[in-house]
Every structure is written in C-alpha cells, then in structure tokens.
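Structure file model.txt with compact mmCIF, C-alpha atoms:
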# COMPACT_ATOMS: atom_id res chain seq x y z
CA MET A 202 151.86 -53.83 -149.32
CA ILE A 203 151.13 -53.09 -145.66
CA HIS A 204 148.32 -55.64 -145.56
CA ALA A 205 150.73 -58.28 -146.94
CA ARG A 206 153.29 -57.41 -144.25
CA ARG A 207 150.56 -57.56 -141.64
CA GLU A 208 149.53 -61.05 -142.74
CA ASN A 209 153.17 -62.15 -142.74
CA ILE A 210 153.76 -60.88 -139.19
CA THR A 211 150.51 -62.47 -138.00
CA SER A 212 151.67 -65.81 -139.45
CA GLN A 213 155.05 -65.39 -137.71
CA ILE A 214 153.38 -64.84 -134.36
CA LYS A 215 151.25 -67.97 -134.81
CA VAL A 216 154.33 -70.07 -135.65
CA GLN A 217 156.28 -68.68 -132.70
CA GLN A 218 153.38 -69.28 -130.32
CA GLU A 219 153.12 -72.87 -131.53
CA GLN A 220 156.88 -73.29 -130.96
CA LEU A 221 156.44 -71.91 -127.44
CA LYS A 222 153.69 -74.43 -126.70
CA ASN A 223 155.93 -77.29 -127.86
CA LEU A 224 158.83 -76.02 -125.73
CA GLU A 225 156.61 -75.69 -122.67
CA ARG A 226 155.36 -79.25 -123.16
CA GLU A 227 158.99 -80.40 -123.43
CA LYS A 228 159.88 -78.47 -120.27
CA ASN A 229 157.03 -80.14 -118.36
CA ARG A 230 158.27 -83.51 -119.55
CA LEU A 231 161.86 -82.73 -118.48
CA ASP A 232 160.67 -81.48 -115.09
CA LYS A 233 159.28 -84.94 -114.43
CA LEU A 234 162.38 -86.68 -115.78
CA VAL A 235 164.71 -84.54 -113.66
CA SER A 236 162.60 -85.33 -110.61
CA GLY A 237 163.09 -89.03 -111.35
CA ASN A 238 166.78 -88.56 -112.17
CA ALA A 239 166.07 -89.59 -115.76
CA ALA A 240 167.28 -86.27 -117.21
CA THR A 241 169.93 -83.74 -116.24
CA GLN A 242 169.48 -80.23 -114.87
CA GLN A 243 171.44 -78.94 -117.85
CA GLN A 244 168.82 -80.32 -120.24
CA LEU A 245 166.13 -78.50 -118.27
CA GLU A 246 168.09 -75.25 -118.29
CA ASP A 247 168.64 -75.57 -122.03
CA ILE A 248 164.91 -75.89 -122.70
CA GLU A 249 164.18 -72.96 -120.37
CA GLY A 250 166.69 -70.87 -122.32
CA LYS A 251 164.93 -71.77 -125.57
CA ILE A 252 161.60 -70.75 -124.01
CA ASP A 253 163.06 -67.36 -122.99
CA VAL A 254 164.39 -66.80 -126.51
CA THR A 255 161.05 -67.73 -128.10
CA VAL A 256 159.10 -65.43 -125.72
CA SER A 257 161.51 -62.61 -126.61
CA GLN A 258 160.97 -63.30 -130.32
CA ILE A 259 157.19 -63.24 -129.87
CA ASN A 260 157.37 -59.91 -128.02
CA SER A 261 159.61 -58.47 -130.73
CA THR A 262 157.26 -59.63 -133.48
CA LYS A 263 154.26 -58.19 -131.59
CA THR A 264 156.09 -54.86 -131.35
CA GLN A 265 156.55 -54.94 -135.13
CA PHE A 266 152.85 -55.71 -135.50
CA GLN A 267 151.89 -52.75 -133.28
CA GLY A 268 154.17 -50.46 -135.29
CA LEU A 269 152.56 -51.68 -138.49
CA GLU A 270 149.09 -51.09 -137.02
CA ALA A 271 150.10 -47.52 -136.12
CA GLU A 272 151.41 -47.00 -139.66
CA LEU A 273 148.20 -48.42 -141.11
CA SER A 274 146.11 -46.16 -138.85
CA MET A 275 148.07 -43.12 -140.02
CA LEU A 276 147.64 -44.10 -143.68
CA ASN A 277 143.90 -44.62 -143.14
CA ALA A 278 143.69 -41.12 -141.62
CA GLN A 279 145.52 -39.69 -144.63
CA LEU A 280 143.20 -41.60 -146.96
CA ALA A 281 140.14 -40.27 -145.12
CA LEU A 282 141.51 -36.73 -145.47
CA LEU A 283 142.13 -37.19 -149.19
CA ASN A 284 138.65 -38.68 -149.68
CA ASN A 285 137.18 -35.71 -147.81
CA GLN A 286 139.07 -33.29 -150.05
CA LEU A 287 137.96 -35.24 -153.12
CA GLU A 288 134.36 -35.22 -151.89
CA LYS A 289 134.53 -31.43 -151.63
CA CYS A 290 135.54 -31.32 -155.30
CA MET A 291 132.41 -33.20 -156.37
CA VAL A 292 129.53 -31.19 -157.82
CA TYR A 293 126.04 -32.02 -156.56
CA ASN A 294 122.92 -30.37 -157.92
CA PRO A 295 120.47 -29.07 -155.31
CA VAL A 296 117.64 -30.31 -157.55
CA GLU A 297 117.17 -32.46 -160.61
CA GLY A 298 116.77 -30.12 -163.49
CA THR A 299 117.95 -28.64 -166.76
CA VAL A 300 121.09 -26.55 -167.17
CA LEU A 301 119.97 -23.16 -168.44
CA GLU A 302 123.31 -21.38 -168.60
CA LYS A 303 126.97 -22.36 -168.13
CA TYR A 304 129.37 -19.98 -166.38
CA ILE A 305 132.47 -22.20 -166.53
CA LEU A 306 133.83 -24.26 -169.41
CA ALA A 307 135.50 -27.66 -169.14
CA HIS A 308 139.10 -27.59 -167.77
CA GLU A 309 138.79 -24.02 -166.47
CA LEU A 310 140.17 -23.31 -162.99
CA VAL A 311 137.38 -22.73 -160.49
CA THR A 312 137.74 -21.03 -157.12
CA PRO A 313 135.68 -22.25 -154.12
CA GLY A 314 132.18 -20.81 -154.03
CA LYS A 315 132.08 -19.82 -157.70
CA SER A 316 128.94 -20.72 -159.63
CA LEU A 317 129.38 -23.29 -162.39
CA TYR A 318 126.01 -23.11 -164.09
CA LYS A 319 122.40 -22.11 -163.67
CA ILE A 320 119.98 -24.99 -163.23
CA ALA A 321 116.21 -25.09 -162.89
CA ASP A 322 113.60 -27.73 -162.27
CA LEU A 323 111.40 -27.43 -165.36
CA SER A 324 109.06 -30.25 -164.38
CA SER A 325 106.72 -27.57 -163.07
CA LEU A 326 106.66 -23.84 -163.81
CA GLU A 327 104.81 -20.92 -162.29
CA LEU A 328 102.71 -18.33 -164.04
CA LYS A 329 102.39 -14.98 -162.30
CA VAL A 330 99.18 -13.12 -163.09
CA TYR A 331 97.44 -10.06 -161.70
CA ILE A 332 93.78 -9.83 -160.72
CA SER A 333 91.58 -6.97 -159.66
CA GLY A 334 90.18 -6.59 -156.18
CA ASN A 335 86.69 -7.72 -157.18
CA GLN A 336 88.15 -11.03 -158.45
CA LEU A 337 90.08 -11.70 -155.24
CA SER A 338 87.12 -13.09 -153.32
CA ARG A 339 86.46 -15.68 -156.05
CA ILE A 340 89.78 -17.55 -155.68
CA ALA A 341 91.73 -19.26 -152.90
CA ILE A 342 95.06 -21.05 -152.50
CA GLY A 343 94.67 -24.63 -153.71
CA ASP A 344 92.01 -23.79 -156.30
CA SER A 345 92.34 -25.16 -159.82
CA ALA A 346 92.83 -22.86 -162.78
CA GLN A 347 93.11 -23.33 -166.51
CA VAL A 348 96.27 -21.87 -168.00
CA TYR A 349 96.74 -21.06 -171.68
CA PHE A 350 100.01 -20.72 -173.60
CA ASP A 351 100.66 -19.94 -177.25
CA GLU A 352 100.96 -23.27 -179.04
CA ASN A 353 101.39 -21.58 -182.42
CA GLU A 354 100.28 -18.37 -184.09
CA ASP A 355 96.64 -19.46 -184.22
CA ASN A 356 96.10 -21.75 -181.23
CA LEU A 357 96.45 -21.68 -177.46
CA LYS A 358 97.49 -24.74 -175.48
CA SER A 359 95.41 -25.38 -172.36
CA MET A 360 97.03 -26.84 -169.23
CA PRO A 361 95.68 -27.33 -165.69
CA GLY A 362 97.27 -25.35 -162.87
CA ILE A 363 96.96 -24.86 -159.11
CA ILE A 364 96.92 -21.53 -157.29
CA TYR A 365 99.66 -21.73 -154.64
CA TRP A 366 100.26 -18.08 -153.70
CA ILE A 367 98.13 -14.93 -153.50
CA SER A 368 99.66 -11.60 -152.57
CA SER A 369 98.27 -9.97 -149.44
CA GLU A 370 99.17 -6.48 -150.69
CA VAL A 371 97.62 -4.49 -153.48
CA GLU A 372 99.91 -2.88 -156.08
CA PHE A 373 99.80 -0.96 -159.30
CA THR A 374 99.67 -3.11 -162.39
CA PRO A 375 103.29 -3.75 -163.48
CA LYS A 376 104.65 -1.99 -166.56
CA ILE A 377 104.85 -5.29 -168.42
CA ILE A 378 101.05 -5.15 -168.81
CA GLN A 379 100.48 -3.91 -172.32
CA THR A 380 97.68 -1.32 -172.15
CA ARG A 381 98.00 1.96 -170.23
CA ASP A 382 94.46 1.72 -168.89
CA GLU A 383 95.27 -1.61 -167.26
CA ARG A 384 98.55 -0.29 -165.80
CA VAL A 385 96.80 2.35 -163.67
CA ASN A 386 94.60 -0.26 -161.99
CA MET A 387 95.32 -1.62 -158.50
CA VAL A 388 95.79 -5.38 -158.60
CA TYR A 389 96.88 -8.42 -156.59
CA ALA A 390 99.61 -10.79 -157.77
CA VAL A 391 98.73 -14.49 -158.01
CA LYS A 392 101.07 -17.41 -158.71
CA ILE A 393 99.87 -20.59 -160.40
CA ARG A 394 101.93 -23.77 -160.60
CA VAL A 395 101.67 -25.73 -163.86
CA ALA A 396 102.97 -29.26 -164.50
CA ASN A 397 105.25 -28.98 -167.52
CA ASP A 398 105.14 -31.62 -170.24
CA GLY A 399 108.17 -30.03 -171.89
CA SER A 400 106.26 -27.68 -174.15
CA VAL A 401 106.32 -24.71 -171.75
CA LYS A 402 109.47 -22.59 -171.62
CA ILE A 403 110.67 -20.04 -169.09
CA GLY A 404 109.51 -16.53 -170.00
CA MET A 405 106.56 -17.59 -172.17
CA PRO A 406 103.49 -15.35 -171.75
CA GLY A 407 100.30 -17.01 -170.60
CA GLU A 408 96.67 -16.44 -169.74
CA VAL A 409 94.53 -17.93 -167.01
CA LYS A 410 90.88 -18.72 -166.49
CA PHE A 411 89.66 -19.30 -162.92
So, in terms of structure tokens, how does the structure I just supplied come out?
Amino acid sequence: MIHARRENITSQIKVQQEQLKNLEREKNRLDKLVSGNAATQQQLEDIEGKIDVTVSQINSTKTQFQGLEAELSMLNAQLALLNNQLEKCMVYNPVEGTVLEKYILAHELVTPGKSLYKIADLSSLELKVYISGNQLSRIAIGDSAQVYFDENEDNLKSMPGIIYWISSEVEFTPKIIQTRDERVNMVYAVKIRVANDGSVKIGMPGEVKF
C-alpha cells in the first residue's frame, strides 16, 4: 500500500515539475513580448502567479513524500525487529546429527534456554579403553588401531580407528571392568575415534588391538 502511494506521489511530482518547466518557458516568452509591447504586464503577472502556485504544489507534494519515507522507514524498522524476534524463535542444531532423546513435544510451551532434545553426531564414535603402563610406550596419538564390536552372538565386527587422546595420569581400573584382578591394576585411559557406518551404537562394548 505504501509503495503504491509512494509511486503515485513520485508521479505527481514529475507531472508538476513538467508543468513548472512549461510555465517558465511561457514566462520567458512573455518577458520578450512585454519588452516589445506585444503582451501586457497583466499577462506576465498571471503566469508568474501560476508559477508560484505550481512551486507551492511541488513543495507540498515533496513534504508528503518525505512523510511517507519516514513512515516507510519506521515500518522497515518494525519489520526488522519482528524478523529478529522470529529469528530467535528458530531452532538451529550445533551439529548435524541424530536426535537421541526429546525433552519437549510438539505444541508445548517452551521457555528461553530450555533444552528441546538431545542430539549427537553419530558419523564417528569414540571407544574409551584402558591400557597398562607397559603398553603405553607402544602407542601414540594418531596411531591406527583395530576396533572390534559384537556383530552377533558368534562374530565380532572389525573397524579401523585412530587414537586421538591418551591420558597423562594413571588411575585405578574403573569398576566397569569385569574381573576384580583387572580392577586393582593401574591403567591409562585411551580414546579411539571410529568412523561409524551406522552399525555401531552408543554404549556398545568394544575391544581394541593396537
């Protein structure tokens, strides 16, 4: 609507400016005629009056145009504010991944800062293993390792992995290790990154061969 009014006012200004040019040409012609006594002073004054009226109309129309521009600027500012508020309502994942757990259902009211769901990048997973001190000197960050996961009850699936973290501190074997003898040993934690073809799930136990 405003853009249509703007175009209409712009057209009005162009028409009025063209009228002013025609009147000024007529005034110049009458100036010469009055000088040669071929036209009266009244005719010249009449055309000058028309010029004054047209200039006043142009100024009035320009004032309308400026008011419309101010209105348009205000509406654009309001639109920018609404777009900003709308942008803040959009949900963007920090990574591409798979939704593991939903905390909010569709159409529920959500307060700012509340978690919507848990997402993870499953394209690569890490296996955390523990090695003894005498094995530590045989591995380094960046080394390849062969990782094994249960494919079924009888077979293990082999997948290549890369060592990307080795603990600098020794610790007791965690309680998740199954045998008591192994739990009393001092070990170092090692993390191995494995490219996931979709067959490996979070929490699956695994074995590694360096």
Nearest-residue call for Ser400 of chain A, choices A:Glu270, A:Glu219, A:Asp344, A:Asp351, using all atoms listed in the file: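 The answer is A:Asp351, which sits nearest to Ser400 of chain A.
The two atoms in question, atom CA of Glu227 of chain A and atom CA of Lys251 of chain A, are spaced 10.7 Å apart.
We find atom CA of Val254 of chain A and atom CA of Ile203 of chain A to be spaced 27.0 Å apart.
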Atom CA of Asp322 of chain A to atom CA of Thr299 of chain A, distance in Å rounded to a single decimal: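 Calculated distance between atom CA of Asp322 of chain A and atom CA of Thr299 of chain A is 6.3 Å.
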For Leu328 of chain A: contacts at 8 Å, all atoms listed in the file, fewer than 3 positions along chain excluded, given as a ChimeraX atom specification: /A:392-395,407
Who sits within 7 Å of segment 359-371 of chain A, all atoms listed in the file, same chain under 5 positions skipped, as a list in words: Ile342, Gly343, Asp344, Ser345, Ala346, Gln347, Val348, Tyr349, Phe350, Met387, Val388, Tyr389, Ala390, Val391, Lys392, Ile393, Arg394 and Val395 of chain A
Would you mind exporting C-alpha atoms of the selected residues as a PDB file, in the coordinates of the input?
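Written output follows (part39.pdb):
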ATOM      1  CA  ILE A 342      95.060 -21.050-152.500  1.00  0.00           C
ATOM      2  CA  GLY A 343      94.670 -24.630-153.710  1.00  0.00           C
ATOM      3  CA  ASP A 344      92.010 -23.790-156.300  1.00  0.00           C
ATOM      4  CA  SER A 345      92.340 -25.160-159.820  1.00  0.00           C
ATOM      5  CA  ALA A 346      92.830 -22.860-162.780  1.00  0.00           C
ATOM      6  CA  GLN A 347      93.110 -23.330-166.510  1.00  0.00           C
ATOM      7  CA  VAL A 348      96.270 -21.870-168.000  1.00  0.00           C
ATOM      8  CA  TYR A 349      96.740 -21.060-171.680  1.00  0.00           C
ATOM      9  CA  PHE A 350     100.010 -20.720-173.600  1.00  0.00           C
ATOM     10  CA  MET A 387      95.320  -1.620-158.500  1.00  0.00           C
ATOM     11  CA  VAL A 388      95.790  -5.380-158.600  1.00  0.00           C
ATOM     12  CA  TYR A 389      96.880  -8.420-156.590  1.00  0.00           C
ATOM     13  CA  ALA A 390      99.610 -10.790-157.770  1.00  0.00           C
ATOM     14  CA  VAL A 391      98.730 -14.490-158.010  1.00  0.00           C
ATOM     15  CA  LYS A 392     101.070 -17.410-158.710  1.00  0.00           C
ATOM     16  CA  ILE A 393      99.870 -20.590-160.400  1.00  0.00           C
ATOM     17  CA  ARG A 394     101.930 -23.770-160.600  1.00  0.00           C
ATOM     18  CA  VAL A 395     101.670 -25.730-163.860  1.00  0.00           C
TER      19      VAL A 395
END
Which of A:Pro313, A:Leu221, A:Ser212, A:Thr264 sits closest to Met291 of chain A [using only C-alpha atoms]: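 Ranking A:Pro313, A:Leu221, A:Ser212, A:Thr264 by distance to Met291 of chain A, first place goes to A:Pro313.
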Given all atoms listed in the file as the counted atoms, nearest of A:Phe411, A:Glu288, A:Arg207, A:Ala240 to Leu337 of chain A: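 Answer, going by the shortest atom-to-atom distance: A:Phe411.
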Residues within 9 Å of (107.5, -21.7, -170.3), file coords, all atoms listed in the file, listed as a list in words: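 These residues have at least one counted atom within 9 Å: Leu323, Leu326, Glu327, Leu328, Phe350, Asn397, Gly399, Ser400, Val401, Lys402, Ile403, Gly404, Met405, Pro406 and Gly407 of chain A.
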Glu246 of chain A environment, 12 Å, only C-alpha atoms, sequence neighbours closer than 4 positions dropped, as an NGL selection string: :A and (224 or 227-228 or 231-232 or 235 or 240-242 or 250-253)
Using only C-alpha atoms: which of A:Gln217, A:Leu282, A:Tyr293, A:Ser338 has the shortest distance to Thr262 of chain A: A:Gln217
Residue with smallest distance to Gly268 of chain A - pool A:Ala396, A:Gln243, A:Glu302, A:Ile210, counting all atoms listed in the file: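 Using all atoms listed in the file, the shortest distance to Gly268 of chain A belongs to A:Ile210.
You can rank A:Ile340, A:Asn294, A:Glu249, A:Met202 by their closest distance to Glu272 of chain A using all atoms listed in the file, and at the top of that list sits A:Met202.
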